[in-house]
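Engineer: Let me give you the structure first, and then I'll get to my questions.
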Number of protein chains: 2
Amino acid sequence: MDAELGAVHGIGYTDFLILAEISSVVGHRLRAVDLAKRLMLTPSGVTRALGPLSKIGLVQRAAHDRDARASYVSLTADGERKLAETLPTAERIVAEAFDSALTPAARLTVLGFFERLGYASPGAR
Amino acid sequence: MDAELGAVHGIGYTDFLILAEISSVVGHRLRAVDLAKRLMLTPSGVTRALGPLSKIGLVQRAAHDRDARASYVSLTADGERKLAETLPTAERIVAEAFDSALTPAARLTVLGFFERLGYASPGAR
DNA sequence: GACTTATGATTGACTAATCAAGTATATTGC
DNA sequence: GCAATATACTTGATTAGTCAATCATAAGTC
């Protein structure tokens, strides 16, 4: 997962999730602490991940207008491009893991399950 | 997860899974490589985890009778006790994480899902 | 039966995360 | 308005895992 994504796109799976999460949120920016909650990471882990992402210019931080402790994280134009470029690879890798881990019957059950939870099945169009 | 289990019982979640996996398998012993496959770990990771578990006397290794490369891993009497003692804590922690991560409706859907996959719902008796 | 390839296990080097502690700012209650 | 408490973030130290390389033994092929 991490290894293949890293080899192809130069960022890990968590990095990808960070980009995707920022992009998915209204306003396209959020505080580091909210990023942590959404990704089930600690604030510390987010700080550590954002360092390199910021250095290679995929994300940027901006001061929060009402809270001097916090800062907003958002994607740069490069970050948006990287996300768009990485998405198909990530989807393929997840789909392969999914396929190899389950029997065909279990696969269908899981897909139905996600539909009931309100997610579109990744494979269905 | 790991932290609480470690604080209460002195072993991590992966350690717990290792004990549980050994105990669940017919014959109550398996090769390290099979342990790795079942727990989605690398053989390397299993070697690393078994070291401490063996040192504190929860698991033991025995030569494989047909393959000199392999060795069987099994629980000691202490290991069985530790597993029995850890099981309720682990179940409680998982149940709490499950409850806090999902809405009540999603919770029911997930439980139904596991039933369809052939697992009894943990909470149901 | 020797040669090649596959498998089981271990080790050194590394990495992505954690926790605990610390700093800075916000918020709350008196 | 000030003390006490809570929140946002960062950093040093640690940890649980990975990968790549290695060693030993098995299994398959000619």
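To be explicit about the labels: the chains of the structure tokens are called A, B, and onward in the order shown, and within each one the residues are counted from 1, while ligands get numbers from 1 in the order they are shown.
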Over all C-alpha pairs taken in order, what is the RMSD once chain A has been least-squares superposed onto chain B?

Structural biologist: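 Computed on C-alpha atoms only, the RMSD stands at 0.1 Å.
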
Engineer: Name the residues in contact with range 62-67 of chain B at a cut-off of 10 Å, using only C-alpha atoms (C1' of nucleotides), excluding same-chain residues fewer than 2 positions from it; report them as number ranges by chain.

Structural biologist: B: 29-31, 60, 69-74; C: 8; D: 25-26

Engineer: Keeping only C-alpha atoms (C1' of nucleotides), write the selected residues to a file as a compact mmCIF listing (two decimals), in the first residue's frame.

Structural biologist:
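What follows is the written file out-v3.txt:
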```txt
# COMPACT_ATOMS: atom_id res chain seq x y z
CA ARG B 29 0.47 -24.44 17.27
CA LEU B 30 1.59 -23.07 13.95
CA ARG B 31 4.62 -21.98 12.04
CA GLN B 60 7.37 -21.33 23.15
CA ARG B 69 13.85 -24.41 8.65
CA ALA B 70 10.52 -23.99 10.38
CA SER B 71 9.53 -24.04 14.02
CA TYR B 72 6.18 -24.36 15.68
CA VAL B 73 4.94 -21.63 17.96
CA SER B 74 2.58 -22.56 20.78
C1' DG C 8 11.22 -20.25 6.60
C1' DT D 25 17.02 -26.08 4.34
C1' DA D 26 13.44 -28.09 0.89
```

Engineer: Counting only C-alpha atoms (C1' of nucleotides), collect the residues of chain C whose closest atom lies at most 9 Å from chain B, and write them out as a PyMOL selection string.

Structural biologist: chain C and resi 7-10

Engineer: Selected residues, N, CA and C atoms (P, O5', C5', C4', C3', O3' and C1' of nucleotides), written as a short mmCIF file (atom, residue, chain, number, x, y, z; two decimals), in the first residue's frame, please.

Structural biologist:
```cif
data_model
loop_
_atom_site.label_atom_id
_atom_site.label_comp_id
_atom_site.auth_asym_id
_atom_site.auth_seq_id
_atom_site.Cartn_x
_atom_site.Cartn_y
_atom_site.Cartn_z
P DT C 7 7.54 -20.62 -2.92
"O5'" DT C 7 8.11 -20.93 -1.46
"C5'" DT C 7 8.11 -22.28 -1.01
"C4'" DT C 7 8.77 -22.32 0.37
"C3'" DT C 7 8.21 -21.31 1.37
"O3'" DT C 7 7.88 -22.06 2.52
"C1'" DT C 7 10.55 -21.24 1.35
P DG C 8 7.11 -21.44 3.71
"O5'" DG C 8 8.23 -21.27 4.83
"C5'" DG C 8 8.68 -22.42 5.53
"C4'" DG C 8 9.65 -21.99 6.61
"C3'" DG C 8 9.14 -20.90 7.55
"O3'" DG C 8 9.37 -21.32 8.88
"C1'" DG C 8 11.22 -20.25 6.60
P DA C 9 8.94 -20.43 10.08
"O5'" DA C 9 10.22 -19.52 10.28
"C5'" DA C 9 11.38 -20.13 10.84
"C4'" DA C 9 12.53 -19.15 10.85
"C3'" DA C 9 12.32 -17.91 11.70
"O3'" DA C 9 13.12 -18.06 12.86
"C1'" DA C 9 13.43 -17.45 9.64
P DT C 10 13.08 -16.97 13.99
"O5'" DT C 10 14.28 -16.00 13.58
"C5'" DT C 10 15.56 -16.57 13.35
"C4'" DT C 10 16.50 -15.52 12.81
"C3'" DT C 10 16.56 -14.23 13.63
"O3'" DT C 10 17.91 -14.12 14.11
"C1'" DT C 10 16.44 -13.78 11.31
#
```

Engineer: Find the residues around Ser54 in chain B up to 10 Å (only C-alpha atoms (C1' of nucleotides) counted), leave out those fewer than 2 positions away in its own chain, and share them as a list in words.

Structural biologist: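 Result of the neighbour search: Ala49, Leu50, Gly51, Pro52, Ile56, Gly57, Leu58, Val59, Gln60, Arg61, Val73, Ser74, Leu75, Thr76 and Gly79 of chain B.
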
Engineer: For N, CA and C atoms, I'd like the residues from the last selection saved as a PDB file, in the first residue's frame.

Structural biologist:
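Once written, result_28.pdb looks like this:
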```pdb
ATOM      1  N   ALA B  49       8.029  -9.835  17.259  1.00  0.00           N
ATOM      2  CA  ALA B  49       7.018  -9.894  18.314  1.00  0.00           C
ATOM      3  C   ALA B  49       7.220 -11.120  19.199  1.00  0.00           C
ATOM      4  N   LEU B  50       7.640 -12.225  18.588  1.00  0.00           N
ATOM      5  CA  LEU B  50       7.759 -13.472  19.352  1.00  0.00           C
ATOM      6  C   LEU B  50       8.900 -13.406  20.361  1.00  0.00           C
ATOM      7  N   GLY B  51       9.926 -12.634  20.049  1.00  0.00           N
ATOM      8  CA  GLY B  51      11.058 -12.524  20.967  1.00  0.00           C
ATOM      9  C   GLY B  51      10.616 -12.231  22.388  1.00  0.00           C
ATOM     10  N   PRO B  52      10.050 -11.043  22.628  1.00  0.00           N
ATOM     11  CA  PRO B  52       9.590 -10.686  23.970  1.00  0.00           C
ATOM     12  C   PRO B  52       8.557 -11.656  24.535  1.00  0.00           C
ATOM     13  N   ILE B  56       9.116 -13.530  28.108  1.00  0.00           N
ATOM     14  CA  ILE B  56       8.291 -13.460  29.306  1.00  0.00           C
ATOM     15  C   ILE B  56       7.467 -14.737  29.477  1.00  0.00           C
ATOM     16  N   GLY B  57       7.761 -15.732  28.640  1.00  0.00           N
ATOM     17  CA  GLY B  57       7.222 -17.066  28.879  1.00  0.00           C
ATOM     18  C   GLY B  57       5.772 -17.275  28.481  1.00  0.00           C
ATOM     19  N   LEU B  58       5.288 -16.523  27.493  1.00  0.00           N
ATOM     20  CA  LEU B  58       3.893 -16.715  27.073  1.00  0.00           C
ATOM     21  C   LEU B  58       3.785 -17.652  25.873  1.00  0.00           C
ATOM     22  N   VAL B  59       4.836 -17.702  25.074  1.00  0.00           N
ATOM     23  CA  VAL B  59       4.851 -18.635  23.946  1.00  0.00           C
ATOM     24  C   VAL B  59       6.147 -19.430  23.986  1.00  0.00           C
ATOM     25  N   GLN B  60       6.151 -20.536  23.258  1.00  0.00           N
ATOM     26  CA  GLN B  60       7.374 -21.328  23.151  1.00  0.00           C
ATOM     27  C   GLN B  60       7.508 -21.823  21.717  1.00  0.00           C
ATOM     28  N   ARG B  61       8.716 -22.099  21.325  1.00  0.00           N
ATOM     29  CA  ARG B  61       8.937 -22.597  19.977  1.00  0.00           C
ATOM     30  C   ARG B  61       9.436 -24.023  20.064  1.00  0.00           C
ATOM     31  N   VAL B  73       5.150 -22.539  16.842  1.00  0.00           N
ATOM     32  CA  VAL B  73       4.943 -21.632  17.959  1.00  0.00           C
ATOM     33  C   VAL B  73       3.690 -22.088  18.687  1.00  0.00           C
ATOM     34  N   SER B  74       3.762 -22.167  20.003  1.00  0.00           N
ATOM     35  CA  SER B  74       2.577 -22.556  20.780  1.00  0.00           C
ATOM     36  C   SER B  74       2.543 -21.756  22.075  1.00  0.00           C
ATOM     37  N   LEU B  75       1.407 -21.816  22.746  1.00  0.00           N
ATOM     38  CA  LEU B  75       1.258 -21.095  24.009  1.00  0.00           C
ATOM     39  C   LEU B  75       1.801 -21.937  25.152  1.00  0.00           C
ATOM     40  N   THR B  76       2.410 -21.274  26.117  1.00  0.00           N
ATOM     41  CA  THR B  76       2.724 -21.938  27.378  1.00  0.00           C
ATOM     42  C   THR B  76       1.468 -21.881  28.250  1.00  0.00           C
ATOM     43  N   GLY B  79       0.866 -18.484  28.903  1.00  0.00           N
ATOM     44  CA  GLY B  79       0.295 -17.823  27.734  1.00  0.00           C
ATOM     45  C   GLY B  79      -1.211 -18.006  27.661  1.00  0.00           C
TER      46      GLY B  79
END
```

Engineer: Could you write out as a ChimeraX atom specification the residues of chain D within 12 Å of chain B, counting only C-alpha atoms (C1' of nucleotides)?

Structural biologist: /D:15-20,23-27

Engineer: Save the residues we just selected, C-alpha atoms (C1' of nucleotides), as an mmCIF file, in the first residue's frame?

Structural biologist:
```
data_model
loop_
_atom_site.group_PDB
_atom_site.id
_atom_site.type_symbol
_atom_site.label_atom_id
_atom_site.label_comp_id
_atom_site.auth_asym_id
_atom_site.auth_seq_id
_atom_site.Cartn_x
_atom_site.Cartn_y
_atom_site.Cartn_z
ATOM 1 C "C1'" DT D 15 8.133 1.657 19.478
ATOM 2 C "C1'" DA D 16 6.147 -1.567 16.314
ATOM 3 C "C1'" DG D 17 6.382 -2.462 12.226
ATOM 4 C "C1'" DT D 18 8.601 -2.489 7.244
ATOM 5 C "C1'" DC D 19 12.188 -3.801 3.602
ATOM 6 C "C1'" DA D 20 16.375 -5.818 1.795
ATOM 7 C "C1'" DC D 23 21.521 -18.049 5.895
ATOM 8 C "C1'" DA D 24 19.732 -22.537 6.022
ATOM 9 C "C1'" DT D 25 17.016 -26.077 4.344
ATOM 10 C "C1'" DA D 26 13.439 -28.087 0.888
ATOM 11 C "C1'" DA D 27 11.649 -29.265 -3.434
#
```

Engineer: Taking only C-alpha atoms into account, produce a table as a Markdown table in which each residue of chain B with an atom at most 8 Å from an atom of chain A appears once, together with its shortest atom pair and the distance in Å to one decimal, ordered by chain and rising number.

Structural biologist:
```
| residue | atom | partner | partner_atom | distance |
| --- | --- | --- | --- | --- |
| B:Ala106 | CA | A:Leu117 | CA | 6.3 |
| B:Thr109 | CA | A:Phe113 | CA | 7.1 |
| B:Val110 | CA | A:Phe113 | CA | 7.3 |
| B:Phe113 | CA | A:Phe113 | CA | 6.2 |
| B:Arg116 | CA | A:Thr109 | CA | 7.2 |
| B:Leu117 | CA | A:Ala106 | CA | 6.3 |
```

Engineer: From the list C:DT15, C:DT5, C:DT23, C:DT28, which residue is nearest DC2 in chain D when using only C-alpha atoms (C1' of nucleotides)?

Structural biologist: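 Checking each of C:DT15, C:DT5, C:DT23, C:DT28 against DC2 in chain D, counting only C-alpha atoms (C1' of nucleotides), the winner is C:DT28.
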
Engineer: How many Å lie between C1' of DG12 in chain D and C1' of DC14 in chain C, rounded to one decimal?

Structural biologist: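 Taking C1' of DG12 in chain D and C1' of DC14 in chain C, their separation equals 18.1 Å.
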
Engineer: If you run DSSP on this backbone, which residues of range 22-95 of chain A come out as strand (DSSP E), and could you give them as a ChimeraX atom specification?

Structural biologist: /A:29-31,59-63,71-75

Engineer: Quote the spacing between CA of Glu96 in chain B and CA of Val8 in chain B in Å to one decimal place.

Structural biologist: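 Between CA of Glu96 in chain B and CA of Val8 in chain B the gap works out to 16.0 Å.
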
Engineer: What residues in range 34-91 of chain A get the DSSP label helix (DSSP H, G or I)? Please answer as a PyMOL selection string.

Structural biologist: chain A and resi 34-39+43-55+77-91

Engineer: I need the residues from that last selection saved to file as an mmCIF file, in the first residue's frame (with N, CA and C atoms), if you can.

Structural biologist:
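Produced file again_25.cif, reproduced below:
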```
data_model
loop_
_atom_site.group_PDB
_atom_site.id
_atom_site.type_symbol
_atom_site.label_atom_id
_atom_site.label_comp_id
_atom_site.auth_asym_id
_atom_site.auth_seq_id
_atom_site.Cartn_x
_atom_site.Cartn_y
_atom_site.Cartn_z
ATOM 1 N N ASP A 34 -8.120 19.095 13.346
ATOM 2 C CA ASP A 34 -9.284 18.463 12.713
ATOM 3 C C ASP A 34 -8.853 17.387 11.729
ATOM 4 N N LEU A 35 -7.763 17.669 11.060
ATOM 5 C CA LEU A 35 -7.163 16.668 10.181
ATOM 6 C C LEU A 35 -6.842 15.419 10.993
ATOM 7 N N ALA A 36 -6.275 15.630 12.154
ATOM 8 C CA ALA A 36 -5.929 14.505 13.028
ATOM 9 C C ALA A 36 -7.161 13.690 13.377
ATOM 10 N N LYS A 37 -8.237 14.361 13.789
ATOM 11 C CA LYS A 37 -9.454 13.647 14.177
ATOM 12 C C LYS A 37 -10.007 12.847 13.020
ATOM 13 N N ARG A 38 -10.087 13.486 11.857
ATOM 14 C CA ARG A 38 -10.680 12.824 10.707
ATOM 15 C C ARG A 38 -9.883 11.622 10.236
ATOM 16 N N LEU A 39 -8.586 11.667 10.422
ATOM 17 C CA LEU A 39 -7.755 10.567 9.932
ATOM 18 C C LEU A 39 -7.371 9.605 11.039
ATOM 19 N N PRO A 43 -2.372 14.648 16.890
ATOM 20 C CA PRO A 43 -1.871 15.925 16.371
ATOM 21 C C PRO A 43 -0.377 15.839 16.057
ATOM 22 N N SER A 44 0.327 15.125 16.898
ATOM 23 C CA SER A 44 1.752 14.929 16.694
ATOM 24 C C SER A 44 2.036 14.274 15.349
ATOM 25 N N GLY A 45 1.295 13.237 15.048
ATOM 26 C CA GLY A 45 1.481 12.545 13.779
ATOM 27 C C GLY A 45 1.202 13.447 12.595
ATOM 28 N N VAL A 46 0.215 14.326 12.741
ATOM 29 C CA VAL A 46 -0.116 15.262 11.667
ATOM 30 C C VAL A 46 1.019 16.258 11.453
ATOM 31 N N THR A 47 1.515 16.810 12.549
ATOM 32 C CA THR A 47 2.659 17.714 12.442
ATOM 33 C C THR A 47 3.789 17.052 11.674
ATOM 34 N N ARG A 48 4.081 15.807 12.049
ATOM 35 C CA ARG A 48 5.203 15.096 11.431
ATOM 36 C C ARG A 48 4.945 14.861 9.949
ATOM 37 N N ALA A 49 3.713 14.577 9.576
ATOM 38 C CA ALA A 49 3.406 14.302 8.169
ATOM 39 C C ALA A 49 3.407 15.592 7.348
ATOM 40 N N LEU A 50 2.916 16.680 7.964
ATOM 41 C CA LEU A 50 2.793 17.935 7.218
ATOM 42 C C LEU A 50 4.155 18.540 6.890
ATOM 43 N N GLY A 51 5.134 18.288 7.727
ATOM 44 C CA GLY A 51 6.474 18.834 7.481
ATOM 45 C C GLY A 51 6.944 18.567 6.068
ATOM 46 N N PRO A 52 7.178 17.310 5.715
ATOM 47 C CA PRO A 52 7.627 16.964 4.365
ATOM 48 C C PRO A 52 6.656 17.415 3.279
ATOM 49 N N LEU A 53 5.360 17.258 3.510
ATOM 50 C CA LEU A 53 4.384 17.656 2.486
ATOM 51 C C LEU A 53 4.489 19.143 2.182
ATOM 52 N N SER A 54 4.754 19.896 3.231
ATOM 53 C CA SER A 54 4.916 21.326 3.057
ATOM 54 C C SER A 54 6.229 21.638 2.339
ATOM 55 N N LYS A 55 7.260 20.903 2.716
ATOM 56 C CA LYS A 55 8.578 21.133 2.131
ATOM 57 C C LYS A 55 8.585 20.857 0.633
ATOM 58 N N ALA A 77 -1.465 24.390 -5.524
ATOM 59 C CA ALA A 77 -1.845 23.927 -6.867
ATOM 60 C C ALA A 77 -1.143 22.604 -7.160
ATOM 61 N N ASP A 78 0.128 22.516 -6.784
ATOM 62 C CA ASP A 78 0.874 21.259 -6.927
ATOM 63 C C ASP A 78 0.218 20.130 -6.151
ATOM 64 N N GLY A 79 -0.274 20.464 -4.945
ATOM 65 C CA GLY A 79 -0.940 19.464 -4.115
ATOM 66 C C GLY A 79 -2.187 18.925 -4.785
ATOM 67 N N GLU A 80 -2.953 19.808 -5.391
ATOM 68 C CA GLU A 80 -4.172 19.389 -6.098
ATOM 69 C C GLU A 80 -3.810 18.460 -7.252
ATOM 70 N N ARG A 81 -2.789 18.864 -7.998
ATOM 71 C CA ARG A 81 -2.341 18.029 -9.118
ATOM 72 C C ARG A 81 -1.908 16.656 -8.613
ATOM 73 N N LYS A 82 -1.089 16.667 -7.559
ATOM 74 C CA LYS A 82 -0.577 15.401 -7.020
ATOM 75 C C LYS A 82 -1.728 14.505 -6.570
ATOM 76 N N LEU A 83 -2.719 15.120 -5.941
ATOM 77 C CA LEU A 83 -3.874 14.332 -5.489
ATOM 78 C C LEU A 83 -4.587 13.695 -6.673
ATOM 79 N N ALA A 84 -4.856 14.502 -7.701
ATOM 80 C CA ALA A 84 -5.571 13.999 -8.883
ATOM 81 C C ALA A 84 -4.795 12.866 -9.540
ATOM 82 N N GLU A 85 -3.485 13.019 -9.534
ATOM 83 C CA GLU A 85 -2.615 12.061 -10.196
ATOM 84 C C GLU A 85 -2.497 10.767 -9.378
ATOM 85 N N THR A 86 -2.597 10.898 -8.063
ATOM 86 C CA THR A 86 -2.396 9.754 -7.170
ATOM 87 C C THR A 86 -3.673 8.947 -6.977
ATOM 88 N N LEU A 87 -4.809 9.624 -7.093
ATOM 89 C CA LEU A 87 -6.099 9.003 -6.810
ATOM 90 C C LEU A 87 -6.317 7.668 -7.515
ATOM 91 N N PRO A 88 -6.125 7.595 -8.846
ATOM 92 C CA PRO A 88 -6.380 6.316 -9.522
ATOM 93 C C PRO A 88 -5.481 5.201 -9.012
ATOM 94 N N THR A 89 -4.231 5.517 -8.751
ATOM 95 C CA THR A 89 -3.315 4.500 -8.222
ATOM 96 C C THR A 89 -3.800 3.999 -6.872
ATOM 97 N N ALA A 90 -4.157 4.936 -5.990
ATOM 98 C CA ALA A 90 -4.620 4.553 -4.657
ATOM 99 C C ALA A 90 -5.868 3.687 -4.762
ATOM 100 N N GLU A 91 -6.777 4.076 -5.626
ATOM 101 C CA GLU A 91 -8.003 3.289 -5.789
ATOM 102 C C GLU A 91 -7.695 1.885 -6.286
#
```

Engineer: Name all residues at most 12 Å from DC30 in chain D (count only C-alpha atoms (C1' of nucleotides); drop same-chain ones fewer than 4 positions away) and give them as a PyMOL selection string.

Structural biologist: chain C and resi 1-4
